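Visitor: Input file: target35.txt. Contents: compact mmCIF, C-alpha atoms and all ligand atoms.
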```txt
# COMPACT_ATOMS: atom_id res chain seq x y z
CA MET A 448 -8.45 27.63 1.06
CA LEU A 449 -5.55 25.48 2.12
CA GLU A 450 -3.58 23.90 -0.70
CA THR A 451 -4.07 20.15 -0.97
CA ARG A 452 -0.84 18.52 0.14
CA ILE A 453 0.43 15.00 0.46
CA LEU A 454 3.07 15.07 3.17
CA SER A 455 5.73 17.51 1.96
CA TYR A 456 4.51 17.49 -1.65
CA SER A 457 1.90 19.51 -3.44
CA TYR A 458 -0.87 17.43 -5.00
CA ASP A 459 0.52 18.03 -8.50
CA GLU A 460 4.05 17.13 -7.46
CA TYR A 461 2.80 13.86 -6.01
CA VAL A 462 0.76 13.02 -9.11
CA GLY A 463 3.91 13.64 -11.18
CA MET A 464 5.83 11.20 -8.98
CA VAL A 465 3.08 8.61 -9.38
CA ARG A 466 3.16 8.91 -13.18
CA GLU A 467 6.90 8.47 -13.26
CA PHE A 468 7.07 5.55 -10.82
CA HIS A 469 3.85 3.67 -11.52
CA GLY A 470 3.55 4.45 -15.22
CA SER A 471 0.18 6.20 -15.05
CA GLU A 472 -1.96 8.32 -12.77
CA ALA A 473 -3.67 5.27 -11.30
CA PRO A 474 -6.52 6.20 -8.92
CA GLY A 475 -5.34 3.66 -6.35
CA VAL A 476 -1.87 5.16 -6.07
CA VAL A 477 -3.21 8.72 -5.85
CA ILE A 478 -5.73 7.79 -3.14
CA GLY A 479 -2.89 5.82 -1.53
CA GLY A 480 -0.98 9.11 -1.21
CA PHE A 481 -3.76 10.55 0.96
CA MET A 482 -3.80 7.31 2.95
CA VAL A 483 -0.07 7.41 3.68
CA ASP A 484 -0.34 11.11 4.52
CA MET A 485 -3.13 10.44 7.03
CA ALA A 486 -1.27 7.52 8.59
CA VAL A 487 2.02 9.44 8.96
CA ARG A 488 0.24 12.47 10.49
CA ASN A 489 -1.37 10.21 13.08
CA LEU A 490 1.80 8.44 14.20
CA PRO A 491 3.83 9.79 17.11
CA GLU A 492 6.62 11.96 15.73
CA GLY A 493 10.10 10.54 15.27
CA ILE A 494 9.29 6.85 15.66
CA LEU A 495 10.74 4.16 13.42
CA TYR A 496 7.88 2.47 11.67
CA ASP A 497 7.15 -0.46 9.40
CA ALA A 498 4.34 -0.70 6.87
CA LEU A 499 1.76 -3.39 6.27
CA CYS A 500 -0.26 -3.34 3.08
CA GLU A 501 -3.37 -5.49 2.59
CA THR A 502 -3.36 -5.49 -1.19
CA ARG A 503 -0.77 -6.04 -3.89
CA SER A 504 -2.44 -3.53 -6.21
CA CYS A 505 -1.43 0.12 -6.38
CA LEU A 506 -1.14 0.83 -2.66
CA PRO A 507 2.40 -0.57 -2.20
CA ASP A 508 3.65 2.03 -4.69
CA ALA A 509 2.23 4.93 -2.64
CA ILE A 510 3.96 3.54 0.46
CA GLN A 511 7.27 3.16 -1.38
CA LEU A 512 7.06 6.68 -2.84
CA LEU A 513 6.29 8.43 0.43
CA THR A 514 7.92 6.46 3.24
CA PRO A 515 11.30 4.81 3.90
CA CYS A 516 9.49 1.44 3.71
CA THR A 517 10.10 -0.65 0.60
CA ILE A 518 9.55 -4.30 -0.25
CA GLY A 519 13.29 -4.60 -0.86
CA ASN A 520 14.39 -3.32 2.54
CA GLY A 521 11.81 -5.46 4.30
CA TRP A 522 10.06 -2.56 6.07
CA LEU A 523 7.02 -2.97 3.85
CA LYS A 524 5.18 -6.24 4.11
CA ILE A 525 2.30 -7.15 1.84
CA ILE A 526 -0.27 -9.52 3.29
CA HIS A 527 -2.66 -9.77 0.40
CA ASN A 528 -6.19 -10.14 1.69
CA GLY A 529 -7.57 -7.88 -0.99
CA ARG A 530 -8.66 -5.00 1.25
CA PHE A 531 -7.64 -1.51 0.24
CA ALA A 532 -5.92 -0.64 3.49
CA LEU A 533 -2.51 0.09 4.90
CA THR A 534 -1.02 0.20 8.37
CA LEU A 535 2.03 2.04 9.64
CA TYR A 536 3.22 0.82 13.02
CA ASP A 537 6.00 1.26 15.54
CA LYS A 538 8.73 -1.33 14.93
CA GLN A 539 9.10 -1.99 18.66
CA SER A 540 5.58 -1.87 20.11
CA ARG A 541 3.78 -2.89 16.88
CA GLU A 542 1.22 -0.21 17.65
CA GLY A 543 0.11 2.04 14.88
CA VAL A 544 -2.67 3.21 12.61
CA ARG A 545 -4.64 1.47 9.90
CA VAL A 546 -6.09 3.64 7.15
CA PHE A 547 -8.73 2.29 4.80
CA LEU A 548 -11.03 3.44 2.06
CA ASP A 549 -14.37 3.76 3.87
CA ARG A 550 -17.26 2.43 1.79
CA GLY A 551 -19.75 4.60 3.71
CA LYS A 552 -17.88 7.75 2.73
CA VAL A 553 -17.03 6.66 -0.81
CA ARG A 554 -20.74 6.56 -1.63
CA TYR A 555 -20.86 10.36 -1.90
CA TRP A 556 -18.37 10.24 -4.78
CA PRO A 557 -19.96 8.37 -7.71
CA GLU A 558 -16.84 8.21 -9.87
CA ILE A 559 -14.62 6.94 -7.06
CA GLU A 560 -17.32 4.48 -6.06
CA ALA A 561 -17.63 3.18 -9.64
CA TRP A 562 -13.86 2.70 -9.77
CA TYR A 563 -13.63 1.10 -6.32
CA PHE A 564 -16.47 -1.36 -6.86
CA LYS A 565 -15.69 -1.84 -10.55
CA LEU A 566 -19.26 -0.78 -11.38
CA LYS A 567 -18.34 0.28 -14.89
CA PRO A 568 -16.00 -1.33 -17.39
CA GLY A 569 -12.63 0.41 -17.46
CA LYS A 570 -13.17 2.11 -20.77
CA GLU A 571 -16.45 3.67 -19.67
CA GLN A 572 -14.75 5.31 -16.71
CA SER A 573 -13.53 8.81 -17.27
CA ARG A 574 -9.99 9.23 -15.98
CA GLU A 575 -10.52 12.98 -15.70
CA SER A 576 -13.67 12.82 -13.59
CA ILE A 577 -12.17 10.19 -11.28
CA ALA A 578 -9.07 12.33 -10.86
CA ARG A 579 -11.20 15.42 -10.18
CA GLU A 580 -13.20 13.62 -7.49
CA ILE A 581 -10.10 12.15 -5.86
CA ARG A 582 -8.52 15.58 -5.60
CA GLU A 583 -11.70 17.12 -4.21
CA ALA A 584 -12.48 14.27 -1.83
CA ALA A 585 -8.88 14.13 -0.56
CA ASP A 586 -8.89 12.30 2.80
CA SER A 587 -12.66 12.63 3.37
CA ILE A 588 -13.19 9.11 1.94
CA LEU A 589 -10.80 7.54 4.44
CA SER A 590 -11.11 6.26 7.97
CA ILE A 591 -8.45 5.46 10.52
CA ARG A 592 -8.23 3.05 13.45
CA HIS A 593 -5.58 2.45 16.06
CA VAL A 594 -4.29 -1.11 15.85
CA ARG A 595 -1.61 -3.39 17.19
CA VAL A 596 -0.11 -5.73 14.63
CA LYS A 597 0.10 -9.41 15.61
CA SER A 598 3.65 -10.47 16.43
CA GLN A 599 3.55 -13.33 13.89
CA ILE A 600 2.72 -10.82 11.16
CA ALA A 601 5.32 -8.25 12.21
CA GLU A 602 8.20 -10.62 12.76
CA LYS A 603 11.16 -10.48 10.43
CA ARG A 604 12.01 -13.60 8.52
CA HIS A 605 15.45 -14.60 9.71
CA LYS A 606 17.49 -16.25 7.06
CA GLY A 607 19.26 -19.44 8.05
CA GLY A 608 22.21 -20.78 6.12
CA ILE A 609 22.62 -20.81 2.37
CA ALA A 610 23.50 -23.92 0.38
CA VAL A 611 23.91 -24.87 -3.24
CA CYS A 612 20.95 -26.79 -4.64
CA PRO A 613 22.12 -30.21 -5.88
CA GLU A 614 19.71 -30.08 -8.82
CA CYS A 615 19.98 -26.55 -10.30
CA HIS A 616 23.33 -25.63 -8.69
CA GLU A 617 22.09 -22.22 -7.58
CA ALA A 618 22.26 -20.89 -4.02
CA TYR A 619 19.10 -21.18 -1.88
CA PRO A 620 18.12 -21.00 1.85
CA VAL A 621 18.72 -24.40 3.48
CA ASP A 622 15.56 -23.94 5.55
CA ASP A 623 13.60 -24.64 2.35
CA GLY A 624 14.65 -28.29 2.21
CA GLU A 625 16.96 -30.75 0.44
CA VAL A 626 16.62 -28.94 -2.88
CA CYS A 627 15.51 -25.39 -3.64
CA LEU A 628 11.81 -24.47 -3.84
CA ALA A 629 11.96 -24.22 -7.62
CA CYS A 630 13.32 -27.75 -7.87
CA GLN A 631 10.67 -28.95 -5.40
CA GLY A 632 8.14 -28.42 -8.13
CA ASN A 633 7.53 -24.67 -8.13
CA ALA A 634 8.89 -24.25 -11.62
CA LEU A 635 8.56 -20.74 -13.05
CA TYR A 636 9.43 -21.38 -16.65
CA VAL A 637 8.28 -23.76 -19.33
ZN ZN B 1 17.32 -26.04 -7.36
```
What's the structure tokens form of this structure?
Guide:
Amino acid sequence: MLETRILSYSYDEYVGMVREFHGSEAPGVVIGGFMVDMAVRNLPEGILYDALCETRSCLPDAIQLLTPCTIGNGWLKIIHNGRFALTLYDKQSREGVRVFLDRGKVRYWPEIEAWYFKLKPGKEQSRESIAREIREAADSILSIRHVRVKSQIAEKRHKGGIAVCPECHEAYPVDDGEVCLACQGNALYV
């Protein structure tokens, strides 16, 4: 039997990376590893790609662990619509692949299904049996589609000039208005 691998890592190596980076062996990040692996394997070799993630939970960490795309470098964009899916696409053509957790396939894995649909309260879920199913299921719970990302979604946000906010005296992008966004009423602190 072939060893389960996630890109260049063994399954156990990847799970170790997840624990260190994410703080626990979260099912979403481990499944995310198989998702990134499937997406990368289905992209043309050697292209420069960006990533689009449709949820803020878990999945962005798998992308940041396994690809050059991070939130900080701008190659990973999160458009939170709550779907457990990610897309890797060519920076130039915006063509790529979208990988998602397929509800029709998940139904054969009761523990994964219970986690995915939150069918059981967290403490009734057994971490071990979820982990066992994830490892066994590997990429059999995923589906992939070829997509082209809309240009408005893929476009980089160009920064205009920077000014000092007359109210808080901190630097902010002038495009945001007369005063910075925080001083326009989006206060973060009490
Ligand atoms: Zn301000």
Visitor: Using only C-alpha atoms and all ligand atoms, determine which residues fall within 12 Å of ligand ZN 1 (chain B), then list them as a list of chain:residue names.
Guide: A:Ala610, A:Val611, A:Cys612, A:Pro613, A:Glu614, A:Cys615, A:His616, A:Glu617, A:Ala618, A:Tyr619, A:Pro620, A:Val621, A:Asp623, A:Gly624, A:Glu625, A:Val626, A:Cys627, A:Leu628, A:Ala629, A:Cys630, A:Gln631, A:Gly632, A:Asn633, A:Ala634, A:Leu635
Visitor: Which one of A:Val637, A:Ile588, A:Ile478, A:Ile518 sits closest to Tyr458 of chain A if you count only C-alpha atoms?
Guide: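 Among the listed residues, A:Ile478 lies closest to Tyr458 of chain A.
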Visitor: Any idea what the distance is between atom CA of Leu589 of chain A and atom CA of Asn528 of chain A?
Guide: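 Taking atom CA of Leu589 of chain A as the start and atom CA of Asn528 of chain A as the end point, the length is 18.5 Å.
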Visitor: Looking at only C-alpha atoms, which of A:Leu535, A:Arg541, A:Gly569, A:Ile525 is the one that sits closest to Arg488 of chain A?
Guide: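 When distances to Arg488 of chain A are compared using only C-alpha atoms, the smallest one comes from A:Leu535.
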Visitor: One decimal, in Å: what's the spacing between atom CA of Arg452 of chain A and atom CA of Phe564 of chain A?
Guide: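 Here the two named atoms are 26.2 Å from each other.
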Visitor: Could you check how far atom CA of Glu580 of chain A sits from atom CA of Asp459 of chain A, in Å to one decimal?
Guide: 14.4 Å
Visitor: Using all atoms listed in the file, pick whichever of A:Gly529, A:Ala585, A:Leu566, A:Asn520 has the shortest atom-to-atom distance to Lys552 of chain A.
Guide: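 Among the listed residues, A:Ala585 lies closest to Lys552 of chain A.
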Visitor: Could you work out an axis-aligned box for segment 513-520 of chain A, taking every atom the file lists and adding 5 Å on each side, and report centre and edge lengths in Å to one decimal, as AutoDock Vina command-line options?
Guide:
```
--center_x 10.3 --center_y 1.9 --center_z 1.5 --size_x 18.1 --size_y 23.0 --size_z 14.8
```
Visitor: Which polymer residues have any atom within 6 Å of an atom of Gly479 of chain A, counting all atoms listed in the file, with same-chain residues fewer than 4 positions away left out, as a list in words?
Guide: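 What passes the distance filter is Gly475, Leu506 and Ala509 of chain A.
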Visitor: Compile the contact shell of Gln539 of chain A as a PDB file with C-alpha atoms, in the coordinates of the input: residues with an atom at most 10 Å away, counting only C-alpha atoms, same-chain residues fewer than 2 positions apart removed.
Guide:
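Listed below is the output, out_21.pdb:
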```pdb
ATOM      1  CA  ILE A 494       9.290   6.850  15.660  1.00  0.00           C
ATOM      2  CA  LEU A 495      10.740   4.160  13.420  1.00  0.00           C
ATOM      3  CA  TYR A 496       7.880   2.470  11.670  1.00  0.00           C
ATOM      4  CA  ASP A 497       7.150  -0.460   9.400  1.00  0.00           C
ATOM      5  CA  TYR A 536       3.220   0.820  13.020  1.00  0.00           C
ATOM      6  CA  ASP A 537       6.000   1.260  15.540  1.00  0.00           C
ATOM      7  CA  ARG A 541       3.780  -2.890  16.880  1.00  0.00           C
ATOM      8  CA  GLU A 542       1.220  -0.210  17.650  1.00  0.00           C
ATOM      9  CA  ALA A 601       5.320  -8.250  12.210  1.00  0.00           C
TER      10      ALA A 601
END
```
Visitor: I need the residue nearest Asp586 of chain A from this list: A:Leu548, A:Leu513, A:Gly493, A:Glu501. Use all atoms listed in the file for the distance.
Guide: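 The answer is A:Leu548, which sits nearest to Asp586 of chain A.
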Visitor: Mind checking which residues fall within 8 Å of segment 460-463 of chain A, counting all atoms listed in the file, ignoring those fewer than 6 positions away in the same chain, and posting them as a list in words?
Guide: Ile453, Glu472, Val477 and Gly480 of chain A
Visitor: Can you take the partial segment 547-558 of chain A, add all heavy atoms, and return it as a PDB file, in the frame of the given file?
Guide:
```pdb
ATOM      1  N   PHE A 547      -8.019   3.039   5.844  1.00  0.00           N
ATOM      2  CA  PHE A 547      -8.730   2.290   4.800  1.00  0.00           C
ATOM      3  C   PHE A 547      -9.726   3.179   4.076  1.00  0.00           C
ATOM      4  O   PHE A 547     -10.174   4.193   4.600  1.00  0.00           O
ATOM      5  CB  PHE A 547      -9.423   1.057   5.384  1.00  0.00           C
ATOM      6  CG  PHE A 547     -10.418   1.365   6.486  1.00  0.00           C
ATOM      7  CD1 PHE A 547     -11.781   1.425   6.222  1.00  0.00           C
ATOM      8  CD2 PHE A 547      -9.986   1.609   7.787  1.00  0.00           C
ATOM      9  CE1 PHE A 547     -12.703   1.709   7.230  1.00  0.00           C
ATOM     10  CE2 PHE A 547     -10.894   1.907   8.804  1.00  0.00           C
ATOM     11  CZ  PHE A 547     -12.255   1.954   8.522  1.00  0.00           C
ATOM     12  N   LEU A 548     -10.028   2.760   2.865  1.00  0.00           N
ATOM     13  CA  LEU A 548     -11.030   3.440   2.060  1.00  0.00           C
ATOM     14  C   LEU A 548     -12.384   3.037   2.642  1.00  0.00           C
ATOM     15  O   LEU A 548     -12.731   1.859   2.667  1.00  0.00           O
ATOM     16  CB  LEU A 548     -10.883   2.962   0.614  1.00  0.00           C
ATOM     17  CG  LEU A 548     -11.482   3.775  -0.509  1.00  0.00           C
ATOM     18  CD1 LEU A 548     -11.067   5.236  -0.391  1.00  0.00           C
ATOM     19  CD2 LEU A 548     -10.993   3.222  -1.846  1.00  0.00           C
ATOM     20  N   ASP A 549     -13.145   4.028   3.119  1.00  0.00           N
ATOM     21  CA  ASP A 549     -14.370   3.760   3.870  1.00  0.00           C
ATOM     22  C   ASP A 549     -15.571   3.732   2.933  1.00  0.00           C
ATOM     23  O   ASP A 549     -15.944   4.751   2.360  1.00  0.00           O
ATOM     24  CB  ASP A 549     -14.535   4.858   4.933  1.00  0.00           C
ATOM     25  CG  ASP A 549     -15.628   4.541   5.925  1.00  0.00           C
ATOM     26  OD1 ASP A 549     -16.660   3.962   5.524  1.00  0.00           O
ATOM     27  OD2 ASP A 549     -15.453   4.887   7.105  1.00  0.00           O
ATOM     28  N   ARG A 550     -16.193   2.563   2.790  1.00  0.00           N
ATOM     29  CA  ARG A 550     -17.260   2.430   1.790  1.00  0.00           C
ATOM     30  C   ARG A 550     -18.445   3.373   2.086  1.00  0.00           C
ATOM     31  O   ARG A 550     -19.102   3.863   1.181  1.00  0.00           O
ATOM     32  CB  ARG A 550     -17.719   0.974   1.609  1.00  0.00           C
ATOM     33  CG  ARG A 550     -18.348   0.319   2.766  1.00  0.00           C
ATOM     34  CD  ARG A 550     -19.854   0.103   2.645  1.00  0.00           C
ATOM     35  NE  ARG A 550     -20.368  -0.085   1.302  1.00  0.00           N
ATOM     36  CZ  ARG A 550     -21.133   0.786   0.652  1.00  0.00           C
ATOM     37  NH1 ARG A 550     -21.437   1.932   1.205  1.00  0.00           N
ATOM     38  NH2 ARG A 550     -21.606   0.505  -0.527  1.00  0.00           N
ATOM     39  N   GLY A 551     -18.669   3.677   3.343  1.00  0.00           N
ATOM     40  CA  GLY A 551     -19.750   4.600   3.710  1.00  0.00           C
ATOM     41  C   GLY A 551     -19.490   6.021   3.251  1.00  0.00           C
ATOM     42  O   GLY A 551     -20.414   6.788   2.996  1.00  0.00           O
ATOM     43  N   LYS A 552     -18.238   6.394   3.157  1.00  0.00           N
ATOM     44  CA  LYS A 552     -17.880   7.750   2.730  1.00  0.00           C
ATOM     45  C   LYS A 552     -17.700   7.829   1.222  1.00  0.00           C
ATOM     46  O   LYS A 552     -17.952   8.859   0.607  1.00  0.00           O
ATOM     47  CB  LYS A 552     -16.588   8.177   3.436  1.00  0.00           C
ATOM     48  CG  LYS A 552     -16.708   8.213   4.955  1.00  0.00           C
ATOM     49  CD  LYS A 552     -15.382   8.568   5.607  1.00  0.00           C
ATOM     50  CE  LYS A 552     -15.546   8.664   7.130  1.00  0.00           C
ATOM     51  NZ  LYS A 552     -14.253   8.901   7.797  1.00  0.00           N
ATOM     52  N   VAL A 553     -17.263   6.705   0.642  1.00  0.00           N
ATOM     53  CA  VAL A 553     -17.030   6.660  -0.810  1.00  0.00           C
ATOM     54  C   VAL A 553     -18.343   6.864  -1.566  1.00  0.00           C
ATOM     55  O   VAL A 553     -18.372   7.368  -2.686  1.00  0.00           O
ATOM     56  CB  VAL A 553     -16.378   5.305  -1.192  1.00  0.00           C
ATOM     57  CG1 VAL A 553     -16.474   5.038  -2.687  1.00  0.00           C
ATOM     58  CG2 VAL A 553     -14.916   5.278  -0.747  1.00  0.00           C
ATOM     59  N   ARG A 554     -19.447   6.533  -0.929  1.00  0.00           N
ATOM     60  CA  ARG A 554     -20.740   6.560  -1.630  1.00  0.00           C
ATOM     61  C   ARG A 554     -21.146   7.955  -2.063  1.00  0.00           C
ATOM     62  O   ARG A 554     -22.010   8.112  -2.916  1.00  0.00           O
ATOM     63  CB  ARG A 554     -21.703   5.821  -0.742  1.00  0.00           C
ATOM     64  CG  ARG A 554     -22.784   6.380  -0.144  1.00  0.00           C
ATOM     65  CD  ARG A 554     -23.592   5.485   0.706  1.00  0.00           C
ATOM     66  NE  ARG A 554     -23.513   6.168   1.992  1.00  0.00           N
ATOM     67  CZ  ARG A 554     -24.041   5.778   3.095  1.00  0.00           C
ATOM     68  NH1 ARG A 554     -24.682   4.667   3.126  1.00  0.00           N
ATOM     69  NH2 ARG A 554     -23.924   6.468   4.185  1.00  0.00           N
ATOM     70  N   TYR A 555     -20.553   8.986  -1.486  1.00  0.00           N
ATOM     71  CA  TYR A 555     -20.860  10.360  -1.900  1.00  0.00           C
ATOM     72  C   TYR A 555     -20.087  10.783  -3.142  1.00  0.00           C
ATOM     73  O   TYR A 555     -20.215  11.911  -3.606  1.00  0.00           O
ATOM     74  CB  TYR A 555     -20.595  11.346  -0.755  1.00  0.00           C
ATOM     75  CG  TYR A 555     -21.388  10.991   0.472  1.00  0.00           C
ATOM     76  CD1 TYR A 555     -20.770  10.452   1.590  1.00  0.00           C
ATOM     77  CD2 TYR A 555     -22.775  11.158   0.488  1.00  0.00           C
ATOM     78  CE1 TYR A 555     -21.513  10.085   2.705  1.00  0.00           C
ATOM     79  CE2 TYR A 555     -23.523  10.795   1.590  1.00  0.00           C
ATOM     80  CZ  TYR A 555     -22.885  10.256   2.702  1.00  0.00           C
ATOM     81  OH  TYR A 555     -23.622   9.884   3.793  1.00  0.00           O
ATOM     82  N   TRP A 556     -19.219   9.903  -3.635  1.00  0.00           N
ATOM     83  CA  TRP A 556     -18.370  10.240  -4.780  1.00  0.00           C
ATOM     84  C   TRP A 556     -18.585   9.192  -5.859  1.00  0.00           C
ATOM     85  O   TRP A 556     -17.885   8.169  -5.878  1.00  0.00           O
ATOM     86  CB  TRP A 556     -16.900  10.297  -4.338  1.00  0.00           C
ATOM     87  CG  TRP A 556     -16.680  11.268  -3.236  1.00  0.00           C
ATOM     88  CD1 TRP A 556     -16.740  11.039  -1.900  1.00  0.00           C
ATOM     89  CD2 TRP A 556     -16.396  12.671  -3.373  1.00  0.00           C
ATOM     90  NE1 TRP A 556     -16.495  12.199  -1.201  1.00  0.00           N
ATOM     91  CE2 TRP A 556     -16.278  13.210  -2.078  1.00  0.00           C
ATOM     92  CE3 TRP A 556     -16.208  13.530  -4.476  1.00  0.00           C
ATOM     93  CZ2 TRP A 556     -16.007  14.565  -1.845  1.00  0.00           C
ATOM     94  CZ3 TRP A 556     -15.926  14.862  -4.245  1.00  0.00           C
ATOM     95  CH2 TRP A 556     -15.831  15.362  -2.946  1.00  0.00           C
ATOM     96  N   PRO A 557     -19.564   9.419  -6.752  1.00  0.00           N
ATOM     97  CA  PRO A 557     -19.960   8.370  -7.710  1.00  0.00           C
ATOM     98  C   PRO A 557     -18.828   7.830  -8.580  1.00  0.00           C
ATOM     99  O   PRO A 557     -18.789   6.620  -8.845  1.00  0.00           O
ATOM    100  CB  PRO A 557     -21.033   9.057  -8.565  1.00  0.00           C
ATOM    101  CG  PRO A 557     -20.954  10.516  -8.239  1.00  0.00           C
ATOM    102  CD  PRO A 557     -20.369  10.624  -6.873  1.00  0.00           C
ATOM    103  N   GLU A 558     -17.923   8.688  -8.993  1.00  0.00           N
ATOM    104  CA  GLU A 558     -16.840   8.210  -9.870  1.00  0.00           C
ATOM    105  C   GLU A 558     -15.866   7.316  -9.101  1.00  0.00           C
ATOM    106  O   GLU A 558     -15.409   6.293  -9.595  1.00  0.00           O
ATOM    107  CB  GLU A 558     -16.072   9.388 -10.483  1.00  0.00           C
ATOM    108  CG  GLU A 558     -16.908  10.249 -11.413  1.00  0.00           C
ATOM    109  CD  GLU A 558     -17.289   9.522 -12.696  1.00  0.00           C
ATOM    110  OE1 GLU A 558     -16.582   8.555 -13.079  1.00  0.00           O
ATOM    111  OE2 GLU A 558     -18.294   9.902 -13.310  1.00  0.00           O
TER     112      GLU A 558
END
```
